[in-house]
There are 4 protein chains.
Amino acid sequence: MLIVMQSHATEEQIRNVCARIESLGLKAHPIPGSLRTAIGITGNKGAVDLAVLETLPGVVECIPVSKPYKLVSRDAKEEDTILRIPAPAGDLVIGGDKIALIAGPCAVESEAQIMAVAEPLAKAGVKLFRGGAFKPRTSPYSFQGHGEAGLKILAKVRERFGMAIITEAIDNESLDLVEKYADVIQIGARNMQNFSLLKRAGRARKPVMLKRGMSATLDEFLMAAEYILSEGNYQVMLCERGVRTFADHSRNTLDLSIIPAVKQRSHLPILADPSHGTGLRRNVLPLSRAAIAAGADGLMIEVHHDPGQALSDGIQSILPGEFVQLAEEVRQIAAVLRRTVN
Amino acid sequence: MLIVMQSHATEEQIRNVCARIESLGLKAHPIPGSLRTAIGITGNKGAVDLAVLETLPGVVECIPVSKPYKLVSRDAKEEDTILRIPAPAGDLVIGGDKIALIAGPCAVESEAQIMAVAEPLAKAGVKLFRGGAFKPRTSPYSFQGHGEAGLKILAKVRERFGMAIITEAIDNESLDLVEKYADVIQIGARNMQNFSLLKRAGRARKPVMLKRGMSATLDEFLMAAEYILSEGNYQVMLCERGVRTFADHSRNTLDLSIIPAVKQRSHLPILADPSHGTGLRRNVLPLSRAAIAAGADGLMIEVHHDPGQALSDGIQSILPGEFVQLAEEVRQIAAVLRRTVN
Amino acid sequence: MLIVMQSHATEEQIRNVCARIESLGLKAHPIPGSLRTAIGITGNKGAVDLAVLETLPGVVECIPVSKPYKLVSRDAKEEDTILRIPAPAGDLVIGGDKIALIAGPCAVESEAQIMAVAEPLAKAGVKLFRGGAFKPRTSPYSFQGHGEAGLKILAKVRERFGMAIITEAIDNESLDLVEKYADVIQIGARNMQNFSLLKRAGRARKPVMLKRGMSATLDEFLMAAEYILSEGNYQVMLCERGVRTFADHSRNTLDLSIIPAVKQRSHLPILADPSHGTGLRRNVLPLSRAAIAAGADGLMIEVHHDPGQALSDGIQSILPGEFVQLAEEVRQIAAVLRRTVN
Amino acid sequence: MLIVMQSHATEEQIRNVCARIESLGLKAHPIPGSLRTAIGITGNKGAVDLAVLETLPGVVECIPVSKPYKLVSRDAKEEDTILRIPAPAGDLVIGGDKIALIAGPCAVESEAQIMAVAEPLAKAGVKLFRGGAFKPRTSPYSFQGHGEAGLKILAKVRERFGMAIITEAIDNESLDLVEKYADVIQIGARNMQNFSLLKRAGRARKPVMLKRGMSATLDEFLMAAEYILSEGNYQVMLCERGVRTFADHSRNTLDLSIIPAVKQRSHLPILADPSHGTGLRRNVLPLSRAAIAAGADGLMIEVHHDPGQALSDGIQSILPGEFVQLAEEVRQIAAVLRRTVN
């Protein structure tokens, strides 16, 4: 933390601030400048909320210096975390030089629908299949998902096609079920700061995909992941899915610059979801290519065999045939970065 | 829903879109313009997700027309909802021509701290006391609240000073406890779209304060309230607490224009929280006055007897004495709007 | 400037950064912490762009400490700047304990229209009349203003009703004309960073109202004003007119928290424009009251005698009779803050 | 335009709105729905500002349907606009299946600096060289550019290395000079809605690059281009350079989803500027790849031979050698999209 004093702060005000810092068990380092004095603080282990020093007489501003995350940081672990998701038809590796493709419909609507989507995706080489059984919907009158019945349908997909399963948990009860039936637990954007759910996910024995909240800063995103790791679950991957801005030509603004920013600060893998990120079918292909070109460790794509009849998000779902083209273009772009799709 | 066709859309494409609409059991109303044709749709009860029509050949855009909320809307109930919060020392009325002042510390830190804050607030006429026992914190290493022990301290405040209690629930488990100990259940900004929690609050038999999410649109905010009403709990008040923008001179950007906007569309009361809304003690007074001047039905203010020692949010907490001044200025501004502080 | 080093930065990297700082003629102050070292820099007069130090090995981040503005700062001048706008029927004072009301139509449409609006406003006590002769419009096909002919009509308003005139300049040519005909030169939000125009306004001998850009931070806003002062014109007032956010219930989001923030950092007066700030007639009254309650030094309000026929911004213009009510409520709220409308 | 009536609007209110529409010379198309009536309007040529209908009794909302731009629209011209920039060492093609690389330093600092950057870029095959002689800077105390002397240095680059020149104009005076010395006129983000400058650029006989404003919507961006075309200059290319959001891990948020969105609506080429888009040297390479993968028609990259000594934007400038790597990776990604770098 750095305290910036007013240019006309008195010597006494500066001494007072230093005394207050020392009284908290910390060390004050005054730096007199030509215009004003700044005071560095060291020794803070995080227990003291220093922002309150901003209210002392003569203080202009408190500037945080240390980043608050620990376990997710490259300071704690320099090399990339690489996740291995076991699947009957072949494990999926996420991180390092491998690119992961996750695909499937927005929601589990029926067994027939799921199988109709799963078959071509399995043939296209997809190893991790997505589909929501618990759906967080803006309206209470929209389809809310089939719950455990949906999870059972997903389990049949694994059995029949050998793909691993990822699906969203929206509260502690559904997380118990998701942990039982699925291979990867997804925490959605709207729950990125549902700390109770994050702690529960941290006690799960399955890997977790954490999606970025709609207006989460990089620090908040990494701190949300820190909640999971701090409970003992180190199998975490992040996913950028678009943030809320003033822009109205896409449902959200996919923020690809967070990919290199995460990679600089954290060892965790980061994927992108261009389906939610753009909200429009015709943008899924260009933004998928872009995410891989920016360095994403994988993609999560909504695919539906009949988007016009989808119960949710039909407008951003692509057809299985379009997914095959996407996978091929992604494979070629990954090769430019000397990475391979697995 | 209104479908806008491309200017060079063919007659056949227009017929196709109309046929598709009719096949969904809805009625199509083509409106040929000089440049392009638009197609109105009527008869939709909300079961069909029409956005997918945007992907049909010749279509430029689908524009939603009807608002998705029902029970919270003035269409459903024209007159203002007025809540009455029973309290031993006198009930609090929220809505109509009454202004409600809610005050207390960010968190329940200890019985001594709570009593030190509660006493002057009770003397100042506060009827609804706030204080968090379950704290949603960005960092897992920050103080997370005392849980049920904190709720018991709050119950003593009601007993000793006759004030009603409002406190936050962060998951289904804590909501059970909050419902038991408190008079009003608070749902925080980070949980505004925790639909599982909203449904549980909708089954509670205590009034609910729902805070606006950090990047929630007006429609999303009202839809979140709709979740609570749709489960049977009509005792809901809303609270604006600042949204996330690029602006960096305040912690959040308090969006007071949502107050008249809510009042136009919904019968629910709406309050403002200038403490979280600005994040700075010196801004609490001016923005409190502004919120009341904009038509807010009340304020929620963080007060601490020793902000420099607060375990959380000390930087935005005002002193009990400052609260007295705030209450007086608010009373005078309310009078300009022919309203009274109760 | 504060340089934050990586936690595993080597001694040599730290020495390198210090050497580089000293080679720029500045002084380095290393502050070794438990986790990492930070390095304070003093002696920078602004000539050196230190951000580039962020690219040195071992550096995590460069954090600017000093604010870049000088003349607009309270460091340069502690007491409030108070402007006096001379007008035949009585001067207008802006700043200090006086509240200023500026009113008039969006655009000068015709002499008849201007006189129809000016007459009731003069009667209501308005001393500074607004009306655009040069209109920055999003579309090249929208009404662009009457130019000099419009300025001549405004000059007649001053002659007939004794009010001073404020009108917008959009380039150096129109600024020459505005300076000749009007009493206050307005720089619009879209031109807040048109530095060529700001410099020209800084050489004008009339006061300037500078509106906040649609996505300007507080620092950028004050730096834009600094451009005007640095050319010698100290007669500057600021105006908050709403910023661009994701919120879609108002045309812009009026950011009233900037009012106390400006007052803390700068001696310049700051007004609010709730007409552009909200973009909706029904929100002008509540947000006008709120702006004054937040501490604004005045309001700029769009008034039209027949908004349904206005060539621009009819949707946010209020009627002269509504303005009278607004002025009365504002007067009462100003009294709560011990200020008077002049 | 579509008018949405309140659910309890009376027959008379609906008749009134229709009568008002017809009185404006337009045609009203009422669409009675189960909940409420909507009224379509046709025949509007843009002269009438219909938003004001929102203030009529019984009206909830006015929803614009037609897009306001004409000449930039694919409705006006279906095939892609392809620009050809003549240069002594070989023309540059922008648009169609060609990718254009524009590179050079942020500012012209000295002849020696410019030549030191230009030589390796010319060798790397760059055909269009950038460098600012007129610099829009946030602070009046920052380096403002060398003006005409800088333009003369750029002219020497063309002479010596055969590259064409692009440089920014910031007002009408500088545009005269830029038109005289350069091959492409750049309009910067801060001037995107400087309509006076846009009109002047529309009368220039050189191609124009228009950068997106920091908070410009897609419609505003295209309307700004429409200003240039409407004055007769059809040689326009667009450039995405990042928008302002809450995100603080990059200087701006590069919004790559606007690339396919522009391509759907407009025939104009669109490039990306990942240097300003991210503001950090280490992000320039990944975001450059991403922009091309998303379908951009080219890149504008800041390159400096000694970024640590740059007078501006050193922090986001890459070295000539890094540019060579960037160009090679971009070439490979362009090939995946069946495009070639020229």
# chains A, B, ... in the order shown; residues from 1 in each chain; ligands from 1
call {"tool": "residues_around", "arguments": {"residues": "A:Gly43", "least_positions_apart": "4", "cutoff": "12 Å", "atoms": "only C-alpha atoms", "output": "MDAnalysis selection string"}}
result
(chainID A and resid 1 21:22 24:29 47:48 50 66) or (chainID C and resid 31:37)
call {"tool": "interface_residues", "arguments": {"of": "chain D", "to": "chain A", "cutoff": "9 Å", "atoms": "only C-alpha atoms", "output": "MDAnalysis selection string"}}
result
chainID D and resid 215:219 243:250 253:261 277:278 282:283 285:295 329 332:333 336:337
call {"tool": "write_last_selection", "arguments": {"atoms": "C-alpha atoms", "output": "compact mmCIF listing (two decimals), in the first residue's frame"}}
result
# COMPACT_ATOMS: atom_id res chain seq x y z
CA SER D 215 -17.24 4.80 -26.41
CA ALA D 216 -18.77 4.72 -29.88
CA THR D 217 -21.51 2.26 -30.70
CA LEU D 218 -21.48 0.50 -34.05
CA ASP D 219 -24.16 2.87 -35.35
CA VAL D 243 -13.13 0.90 -26.22
CA ARG D 244 -13.41 2.13 -22.68
CA THR D 245 -14.79 -0.34 -20.16
CA PHE D 246 -14.39 -1.09 -16.46
CA ALA D 247 -11.60 -3.56 -17.26
CA ASP D 248 -8.27 -2.40 -15.86
CA HIS D 249 -5.84 -5.04 -17.10
CA SER D 250 -5.46 -3.33 -20.48
CA THR D 253 -10.76 -3.27 -24.37
CA LEU D 254 -10.18 -4.33 -27.97
CA ASP D 255 -13.65 -5.20 -29.27
CA LEU D 256 -12.98 -7.72 -32.03
CA SER D 257 -16.65 -8.64 -32.35
CA ILE D 258 -17.17 -5.36 -34.16
CA ILE D 259 -15.21 -6.73 -37.11
CA PRO D 260 -17.80 -9.28 -38.28
CA ALA D 261 -20.55 -6.83 -37.27
CA GLY D 277 -6.24 -1.46 -28.25
CA THR D 278 -4.26 -3.04 -25.46
CA ARG D 282 3.41 -7.90 -24.61
CA ASN D 283 -0.22 -7.98 -25.75
CA LEU D 285 1.41 -9.93 -30.76
CA PRO D 286 -1.46 -12.11 -29.40
CA LEU D 287 -4.10 -9.47 -30.16
CA SER D 288 -2.66 -8.88 -33.65
CA ARG D 289 -3.07 -12.55 -34.43
CA ALA D 290 -6.56 -12.47 -32.93
CA ALA D 291 -7.67 -9.47 -35.00
CA ILE D 292 -6.64 -11.13 -38.26
CA ALA D 293 -8.28 -14.38 -37.16
CA ALA D 294 -11.49 -12.43 -36.49
CA GLY D 295 -11.47 -11.14 -40.07
CA GLU D 329 2.52 -15.16 -37.74
CA GLN D 332 0.20 -17.75 -41.56
CA ILE D 333 -3.12 -16.96 -39.93
CA VAL D 336 -5.99 -20.12 -42.83
CA LEU D 337 -8.66 -17.62 -43.90
call {"tool": "select_by_dssp", "arguments": {"residues": "stretch 107-341 of chain C", "states": "alpha helix (DSSP H)", "output": "ChimeraX atom specification"}}
result
/C:111-123,148-161,172-181,195-202,218-230,258-265,274-278,281-293,320-336
call {"tool": "write_last_selection", "arguments": {"atoms": "C-alpha atoms", "output": "compact mmCIF listing (two decimals), in the first residue's frame"}}
result
# COMPACT_ATOMS: atom_id res chain seq x y z
CA GLU C 111 -36.59 33.76 -34.27
CA ALA C 112 -40.23 33.06 -33.40
CA GLN C 113 -39.33 29.84 -31.57
CA ILE C 114 -36.48 31.47 -29.65
CA MET C 115 -38.60 34.40 -28.54
CA ALA C 116 -41.43 32.06 -27.53
CA VAL C 117 -39.05 30.20 -25.23
CA ALA C 118 -37.03 33.20 -24.04
CA GLU C 119 -39.95 35.29 -22.81
CA PRO C 120 -41.24 32.95 -20.09
CA LEU C 121 -37.69 32.04 -19.06
CA ALA C 122 -36.73 35.68 -18.61
CA LYS C 123 -39.87 36.14 -16.54
CA GLU C 148 -24.20 32.82 -37.68
CA ALA C 149 -27.85 33.57 -38.44
CA GLY C 150 -28.69 31.65 -35.27
CA LEU C 151 -26.14 33.65 -33.26
CA LYS C 152 -27.80 36.88 -34.45
CA ILE C 153 -31.13 35.65 -33.16
CA LEU C 154 -29.51 34.89 -29.78
CA ALA C 155 -28.04 38.41 -29.70
CA LYS C 156 -31.58 39.73 -30.07
CA VAL C 157 -32.59 37.72 -26.99
CA ARG C 158 -29.95 39.51 -24.96
CA GLU C 159 -31.11 42.85 -26.33
CA ARG C 160 -34.81 42.25 -25.74
CA PHE C 161 -34.76 40.30 -22.45
CA ASN C 172 -12.10 27.21 -34.57
CA GLU C 173 -14.25 29.05 -37.14
CA SER C 174 -17.44 28.78 -35.11
CA LEU C 175 -15.55 29.69 -31.94
CA ASP C 176 -14.54 33.01 -33.53
CA LEU C 177 -18.22 33.72 -34.13
CA VAL C 178 -19.43 32.47 -30.75
CA GLU C 179 -16.83 34.61 -29.01
CA LYS C 180 -18.15 37.61 -30.94
CA TYR C 181 -21.87 37.12 -30.28
CA PHE C 195 -7.37 19.79 -28.04
CA SER C 196 -7.09 22.23 -30.92
CA LEU C 197 -10.47 23.68 -29.95
CA LEU C 198 -9.56 23.72 -26.25
CA LYS C 199 -6.42 25.73 -26.96
CA ARG C 200 -8.43 28.20 -29.05
CA ALA C 201 -10.94 28.51 -26.18
CA GLY C 202 -8.02 29.14 -23.87
CA LEU C 218 -12.16 12.63 -13.75
CA ASP C 219 -8.47 13.09 -14.58
CA GLU C 220 -9.16 13.45 -18.31
CA PHE C 221 -11.95 15.94 -17.59
CA LEU C 222 -9.67 18.08 -15.42
CA MET C 223 -6.81 17.77 -17.93
CA ALA C 224 -9.11 19.05 -20.68
CA ALA C 225 -9.87 22.08 -18.50
CA GLU C 226 -6.14 22.41 -17.86
CA TYR C 227 -5.68 22.92 -21.64
CA ILE C 228 -7.91 25.99 -21.45
CA LEU C 229 -6.30 27.44 -18.33
CA SER C 230 -2.80 26.76 -19.63
CA ILE C 258 -18.24 13.44 -9.82
CA ILE C 259 -19.56 16.64 -8.25
CA PRO C 260 -18.02 16.17 -4.77
CA ALA C 261 -14.98 14.56 -6.43
CA VAL C 262 -14.34 17.64 -8.58
CA LYS C 263 -14.89 19.93 -5.61
CA GLN C 264 -12.28 18.05 -3.62
CA ARG C 265 -9.60 18.23 -6.31
CA PRO C 274 -29.94 16.60 -16.50
CA SER C 275 -31.52 17.02 -19.95
CA HIS C 276 -28.68 15.28 -21.80
CA GLY C 277 -27.82 13.40 -18.65
CA THR C 278 -31.04 11.42 -18.76
CA ARG C 281 -38.36 14.74 -20.09
CA ARG C 282 -39.89 12.97 -17.09
CA ASN C 283 -36.45 12.48 -15.51
CA VAL C 284 -35.32 16.08 -15.81
CA LEU C 285 -37.08 17.27 -12.67
CA PRO C 286 -35.96 14.49 -10.26
CA LEU C 287 -32.38 14.54 -11.53
CA SER C 288 -32.25 18.36 -11.39
CA ARG C 289 -33.20 18.24 -7.73
CA ALA C 290 -30.64 15.47 -7.18
CA ALA C 291 -27.80 17.39 -8.85
CA ILE C 292 -28.35 20.43 -6.64
CA ALA C 293 -28.64 18.19 -3.58
CA PRO C 320 -41.59 26.65 -19.69
CA GLY C 321 -44.24 25.97 -17.04
CA GLU C 322 -42.40 22.82 -15.93
CA PHE C 323 -39.23 24.89 -15.68
CA VAL C 324 -40.92 27.26 -13.25
CA GLN C 325 -41.77 24.30 -10.99
CA LEU C 326 -38.22 22.97 -11.33
CA ALA C 327 -36.72 26.34 -10.39
CA GLU C 328 -38.93 26.53 -7.32
CA GLU C 329 -38.00 23.04 -6.09
CA VAL C 330 -34.33 23.70 -6.78
CA ARG C 331 -34.55 26.94 -4.80
CA GLN C 332 -35.90 25.01 -1.80
CA ILE C 333 -33.24 22.33 -2.01
CA ALA C 334 -30.50 24.94 -2.38
CA ALA C 335 -31.76 26.48 0.85
CA VAL C 336 -31.19 23.17 2.66
call {"tool": "select_by_dssp", "arguments": {"residues": "stretch 85-188 of chain A", "states": "strand (DSSP E)", "output": "list in words"}}
result
Ile85, Leu92, Val93, Ile94, Lys98, Ile99, Ala100, Leu101, Ile102, Ala103, Gly104, Leu128, Phe129, Arg130, Ala164, Ile165, Ile166, Thr167, Glu168, Val184, Ile185, Gln186 and Ile187 of chain A
call {"tool": "write_last_selection", "arguments": {"atoms": "C-alpha atoms", "output": "mmCIF file, in the first residue's frame"}}
result
data_model
loop_
_atom_site.group_PDB
_atom_site.id
_atom_site.type_symbol
_atom_site.label_atom_id
_atom_site.label_comp_id
_atom_site.auth_asym_id
_atom_site.auth_seq_id
_atom_site.Cartn_x
_atom_site.Cartn_y
_atom_site.Cartn_z
ATOM 1 C CA ILE A 85 -9.904 -34.900 -17.716
ATOM 2 C CA LEU A 92 -8.584 -34.569 -22.503
ATOM 3 C CA VAL A 93 -5.602 -32.383 -21.615
ATOM 4 C CA ILE A 94 -6.196 -28.710 -20.859
ATOM 5 C CA LYS A 98 -2.757 -28.568 -25.950
ATOM 6 C CA ILE A 99 -5.967 -26.885 -27.125
ATOM 7 C CA ALA A 100 -9.239 -28.292 -25.754
ATOM 8 C CA LEU A 101 -12.575 -28.131 -27.571
ATOM 9 C CA ILE A 102 -15.697 -28.412 -25.436
ATOM 10 C CA ALA A 103 -19.020 -28.569 -27.267
ATOM 11 C CA GLY A 104 -22.673 -29.378 -26.821
ATOM 12 C CA LEU A 128 -15.692 -33.070 -23.308
ATOM 13 C CA PHE A 129 -19.422 -32.611 -23.862
ATOM 14 C CA ARG A 130 -21.391 -29.713 -22.402
ATOM 15 C CA ALA A 164 -16.449 -36.696 -20.489
ATOM 16 C CA ILE A 165 -19.218 -34.373 -19.247
ATOM 17 C CA ILE A 166 -19.180 -30.754 -18.067
ATOM 18 C CA THR A 167 -22.327 -29.156 -16.666
ATOM 19 C CA GLU A 168 -23.235 -26.209 -14.480
ATOM 20 C CA VAL A 184 -16.121 -31.230 -14.686
ATOM 21 C CA ILE A 185 -18.169 -28.821 -12.574
ATOM 22 C CA GLN A 186 -19.022 -25.527 -14.243
ATOM 23 C CA ILE A 187 -19.600 -22.332 -12.217
#
call {"tool": "atom_distance", "arguments": {"atom1": "atom CA of C:Pro30", "atom2": "atom CA of C:Pro57"}}
result
15.9 Å
call {"tool": "residues_around", "arguments": {"residues": "B:Arg212", "least_positions_apart": "2", "cutoff": "7 Å", "atoms": "only C-alpha atoms", "output": "JSON, numbers by chain"}}
result
{"B": [189, 192, 210, 214, 216, 221, 239, 240, 241]}
call {"tool": "write_last_selection", "arguments": {"atoms": "C-alpha atoms", "output": "tab-separated table (two decimals), in the first residue's frame"}}
result
chain	number	residue	atom	x	y	z
B	189	ALA	CA	-25.65	-7.22	-5.38
B	192	MET	CA	-28.92	-10.57	-7.66
B	210	LEU	CA	-33.03	-6.87	-3.29
B	214	MET	CA	-23.18	-4.45	-10.38
B	216	ALA	CA	-27.70	-5.26	-14.05
B	221	PHE	CA	-33.21	-6.01	-11.91
B	239	CYS	CA	-32.09	-0.90	-3.65
B	240	GLU	CA	-29.75	0.92	-6.05
B	241	ARG	CA	-26.14	0.60	-4.83
call {"tool": "closest_residue", "arguments": {"among": "C:Gln13, C:Ser266, C:Asn342, C:Gln235", "to": "C:Leu83", "atoms": "only C-alpha atoms"}}
result
C:Gln235
call {"tool": "atom_distance", "arguments": {"atom1": "atom CA of D:Glu109", "atom2": "atom CA of D:His146"}}
result
7.4 Å
call {"tool": "residues_around", "arguments": {"residues": "C:Asp313", "least_positions_apart": "3", "cutoff": "9 Å", "atoms": "only C-alpha atoms", "output": "ChimeraX atom specification"}}
result
/C:105-107,275-276,279,302,307,310,316-317 /D:49,51-52
call {"tool": "atom_distance", "arguments": {"atom1": "atom CA of D:Arg203", "atom2": "atom CA of D:Gly232"}}
result
6.4 Å
